Amino acid sequence: MQIKSASFVMSNSNVEKCPKEPIPEYAFIGRSNVGKSSLINMLTNRKHLAKTSGRPGKTQLINHFKINENWFLVDLPGYGYAKVSKKLKNTFQKFITEYFKKRNQLVSAFVLIDIRHSPQKIDMEFMQWLGEHAIPFSIIFTKSDKLKPVEIPQNVNNYLQAMTDDIWEEAPNYFVTSSTSGAGKEDVLSYIEQINQQ
Ligand code: GDP
């Protein structure tokens with residue numbers, strides 16, 4: 001998919017106030033510092049569309065961007081930042097779960113995972129929650145440039161194996177990306193384009 005336009009629409013913490021236009025929507029979410037802002041900027045060819053986090057855990061809002069005038073890219077807050085207070089964690093959890101439960105036009109979520117990491121409890125629990133609520137998602141492995149090429153399939157396989165060893169009957173759809181090299185960009189965009197054309 002060629003990105004012809006990408007513009008910020010709104011930020012808010014209330015799903016009821018999200019844009020009403022009934023176009024397909026894709027949500028990006030992951031632990032703070034996973035590389036979400038960098039990925040969004042890479043996918044959209046914009047240096048500063050999503051704000052790369054100088055202070056992880058700071059952007060606690062649902063951010064809507066309109067892409068090519070026909071789909072929404074949603075930047076959700078990063079989770080799992082240790083320094084965020086318990087109260088903020090609860091608030092966060094509440095509006096994120098509300099978002100996923102209520103946002104009818106959400107087509108799929110992309111759960112971002114740093115490709116260097118072994119499965120972390122918080123990500124596994126979050127994906128389990130998505131599964132239990134029948135919310136479709138793919139994994140986007142980020143920062144693949146940080147690994148040697150041979151390590152990439154090894155890490156991916158280990159991760160997916162851990163999921164099927166856990167509760168998953170099948171491993172989810174996944175992408176391997178790097179915001180530095182641009183790897184995986186076309187894969188993610190073509191996937192979205194294909195669904196949008198259905
Ligand atoms: P966010 O908190 O998930 O939005 O993460 P950011 O996009 O702000 O990135 C967190 C840190 O990881 C920053 O220092 C980025 O420069 C770095 N980073 C993000 N993506 C990549 C990547 O693909 N490769 C490398 N090498 N570094 C990355």
# chains A, B, ... in the order shown; residues from 1 in each chain; ligands from 1
call {"tool": "residues_around", "arguments": {"residues": "His64 in chain A", "least_positions_apart": "3", "cutoff": "12 Å", "atoms": "only C-alpha atoms", "output": "number ranges by chain"}}
result
A: 6-13, 15, 17-21, 23-28, 40, 49-50, 61, 67, 71-77, 106
call {"tool": "residues_near_ligand", "arguments": {"ligand": "ligand 1", "cutoff": "10 Å", "atoms": "only C-alpha atoms and all ligand atoms", "output": "PyMOL selection string"}}
result
chain A and resi 28-42+50-59+75-79+81+112-115+141-147+176-183
call {"tool": "select_by_dssp", "arguments": {"residues": "range 42-172 of chain A", "states": "strand (DSSP E)", "output": "list of chain:residue names"}}
result
A:Ile62, A:Asn63, A:His64, A:Phe65, A:Lys66, A:Ile67, A:Trp71, A:Phe72, A:Leu73, A:Val74, A:Asp75, A:Leu106, A:Val107, A:Ser108, A:Ala109, A:Phe110, A:Val111, A:Leu112, A:Ile113, A:Asp114, A:Phe137, A:Ser138, A:Ile139, A:Ile140, A:Phe141, A:Thr142
call {"tool": "write_last_selection", "arguments": {"atoms": "N, CA and C atoms", "output": "PDB file, in the first residue's frame"}}
result
ATOM      1  N   ILE A  62      -5.816   7.461  23.587  1.00  0.00           N
ATOM      2  CA  ILE A  62      -6.119   6.773  22.328  1.00  0.00           C
ATOM      3  C   ILE A  62      -5.908   7.808  21.225  1.00  0.00           C
ATOM      4  N   ASN A  63      -4.949   7.556  20.351  1.00  0.00           N
ATOM      5  CA  ASN A  63      -4.641   8.525  19.294  1.00  0.00           C
ATOM      6  C   ASN A  63      -5.102   7.987  17.947  1.00  0.00           C
ATOM      7  N   HIS A  64      -5.978   8.736  17.307  1.00  0.00           N
ATOM      8  CA  HIS A  64      -6.472   8.328  15.981  1.00  0.00           C
ATOM      9  C   HIS A  64      -5.739   9.062  14.866  1.00  0.00           C
ATOM     10  N   PHE A  65      -5.286   8.309  13.886  1.00  0.00           N
ATOM     11  CA  PHE A  65      -4.717   8.882  12.664  1.00  0.00           C
ATOM     12  C   PHE A  65      -5.512   8.352  11.485  1.00  0.00           C
ATOM     13  N   LYS A  66      -5.770   9.218  10.517  1.00  0.00           N
ATOM     14  CA  LYS A  66      -6.502   8.784   9.332  1.00  0.00           C
ATOM     15  C   LYS A  66      -5.505   8.588   8.196  1.00  0.00           C
ATOM     16  N   ILE A  67      -5.563   7.404   7.610  1.00  0.00           N
ATOM     17  CA  ILE A  67      -4.590   7.062   6.565  1.00  0.00           C
ATOM     18  C   ILE A  67      -5.313   6.925   5.228  1.00  0.00           C
ATOM     19  N   TRP A  71      -8.871   4.608   6.192  1.00  0.00           N
ATOM     20  CA  TRP A  71      -8.782   3.759   7.398  1.00  0.00           C
ATOM     21  C   TRP A  71      -8.125   4.520   8.543  1.00  0.00           C
ATOM     22  N   PHE A  72      -8.435   4.052   9.762  1.00  0.00           N
ATOM     23  CA  PHE A  72      -7.829   4.660  10.944  1.00  0.00           C
ATOM     24  C   PHE A  72      -6.701   3.776  11.472  1.00  0.00           C
ATOM     25  N   LEU A  73      -5.609   4.422  11.773  1.00  0.00           N
ATOM     26  CA  LEU A  73      -4.529   3.778  12.509  1.00  0.00           C
ATOM     27  C   LEU A  73      -4.633   4.326  13.927  1.00  0.00           C
ATOM     28  N   VAL A  74      -4.711   3.437  14.904  1.00  0.00           N
ATOM     29  CA  VAL A  74      -4.863   3.898  16.288  1.00  0.00           C
ATOM     30  C   VAL A  74      -3.623   3.536  17.103  1.00  0.00           C
ATOM     31  N   ASP A  75      -3.092   4.549  17.715  1.00  0.00           N
ATOM     32  CA  ASP A  75      -1.917   4.407  18.575  1.00  0.00           C
ATOM     33  C   ASP A  75      -2.433   4.357  20.015  1.00  0.00           C
ATOM     34  N   LEU A 106     -13.179  -1.761  14.834  1.00  0.00           N
ATOM     35  CA  LEU A 106     -11.822  -2.308  14.947  1.00  0.00           C
ATOM     36  C   LEU A 106     -11.747  -3.617  14.161  1.00  0.00           C
ATOM     37  N   VAL A 107     -10.846  -3.659  13.192  1.00  0.00           N
ATOM     38  CA  VAL A 107     -10.693  -4.864  12.374  1.00  0.00           C
ATOM     39  C   VAL A 107      -9.712  -5.807  13.048  1.00  0.00           C
ATOM     40  N   SER A 108      -8.592  -5.240  13.483  1.00  0.00           N
ATOM     41  CA  SER A 108      -7.571  -6.077  14.097  1.00  0.00           C
ATOM     42  C   SER A 108      -6.649  -5.232  14.955  1.00  0.00           C
ATOM     43  N   ALA A 109      -6.097  -5.870  15.972  1.00  0.00           N
ATOM     44  CA  ALA A 109      -5.056  -5.213  16.766  1.00  0.00           C
ATOM     45  C   ALA A 109      -3.707  -5.752  16.297  1.00  0.00           C
ATOM     46  N   PHE A 110      -2.672  -4.942  16.486  1.00  0.00           N
ATOM     47  CA  PHE A 110      -1.305  -5.396  16.293  1.00  0.00           C
ATOM     48  C   PHE A 110      -0.620  -5.293  17.649  1.00  0.00           C
ATOM     49  N   VAL A 111      -0.205  -6.431  18.172  1.00  0.00           N
ATOM     50  CA  VAL A 111       0.484  -6.438  19.465  1.00  0.00           C
ATOM     51  C   VAL A 111       1.978  -6.454  19.175  1.00  0.00           C
ATOM     52  N   LEU A 112       2.656  -5.420  19.645  1.00  0.00           N
ATOM     53  CA  LEU A 112       4.083  -5.277  19.350  1.00  0.00           C
ATOM     54  C   LEU A 112       4.925  -5.977  20.416  1.00  0.00           C
ATOM     55  N   ILE A 113       5.898  -6.740  19.936  1.00  0.00           N
ATOM     56  CA  ILE A 113       6.795  -7.486  20.829  1.00  0.00           C
ATOM     57  C   ILE A 113       8.225  -7.228  20.371  1.00  0.00           C
ATOM     58  N   ASP A 114       9.074  -6.841  21.296  1.00  0.00           N
ATOM     59  CA  ASP A 114      10.500  -6.676  20.981  1.00  0.00           C
ATOM     60  C   ASP A 114      11.068  -8.056  20.663  1.00  0.00           C
ATOM     61  N   PHE A 137      -6.051 -10.400  16.377  1.00  0.00           N
ATOM     62  CA  PHE A 137      -4.796  -9.658  16.480  1.00  0.00           C
ATOM     63  C   PHE A 137      -3.682 -10.394  15.746  1.00  0.00           C
ATOM     64  N   SER A 138      -2.670  -9.634  15.366  1.00  0.00           N
ATOM     65  CA  SER A 138      -1.418 -10.192  14.855  1.00  0.00           C
ATOM     66  C   SER A 138      -0.316  -9.696  15.775  1.00  0.00           C
ATOM     67  N   ILE A 139       0.796 -10.407  15.771  1.00  0.00           N
ATOM     68  CA  ILE A 139       1.972  -9.910  16.494  1.00  0.00           C
ATOM     69  C   ILE A 139       2.860  -9.181  15.501  1.00  0.00           C
ATOM     70  N   ILE A 140       3.384  -8.050  15.920  1.00  0.00           N
ATOM     71  CA  ILE A 140       4.453  -7.411  15.149  1.00  0.00           C
ATOM     72  C   ILE A 140       5.719  -7.475  15.999  1.00  0.00           C
ATOM     73  N   PHE A 141       6.680  -8.248  15.538  1.00  0.00           N
ATOM     74  CA  PHE A 141       7.976  -8.263  16.218  1.00  0.00           C
ATOM     75  C   PHE A 141       8.749  -7.030  15.767  1.00  0.00           C
ATOM     76  N   THR A 142       9.250  -6.273  16.726  1.00  0.00           N
ATOM     77  CA  THR A 142       9.953  -5.023  16.413  1.00  0.00           C
ATOM     78  C   THR A 142      11.466  -5.174  16.607  1.00  0.00           C
TER      79      THR A 142
END
call {"tool": "atom_distance", "arguments": {"atom1": "CA of Asn104 in chain A", "atom2": "CA of Gly131 in chain A"}}
result
16.1 Å
call {"tool": "closest_residue", "arguments": {"among": "A:Pro22, A:Asn196, A:Gly184, A:Tyr191", "to": "Arg103 in chain A", "atoms": "only C-alpha atoms"}}
result
A:Pro22
call {"tool": "residues_around", "arguments": {"residues": "Gln2 in chain A", "least_positions_apart": "5", "cutoff": "10 Å", "atoms": "only C-alpha atoms", "output": "tab-separated table (two decimals) with C-alpha atoms, in the first residue's frame"}}
result
chain	number	residue	atom	x	y	z
A	43	LEU	CA	4.76	2.65	8.27
A	44	THR	CA	3.35	6.06	7.41
A	45	ASN	CA	6.59	7.62	6.11
A	68	ASN	CA	-5.33	7.50	2.84
A	186	GLU	CA	5.26	-3.67	3.02
A	189	LEU	CA	0.72	-2.44	4.85
A	190	SER	CA	-0.24	-5.09	2.27
A	193	GLU	CA	-4.76	-3.21	2.30
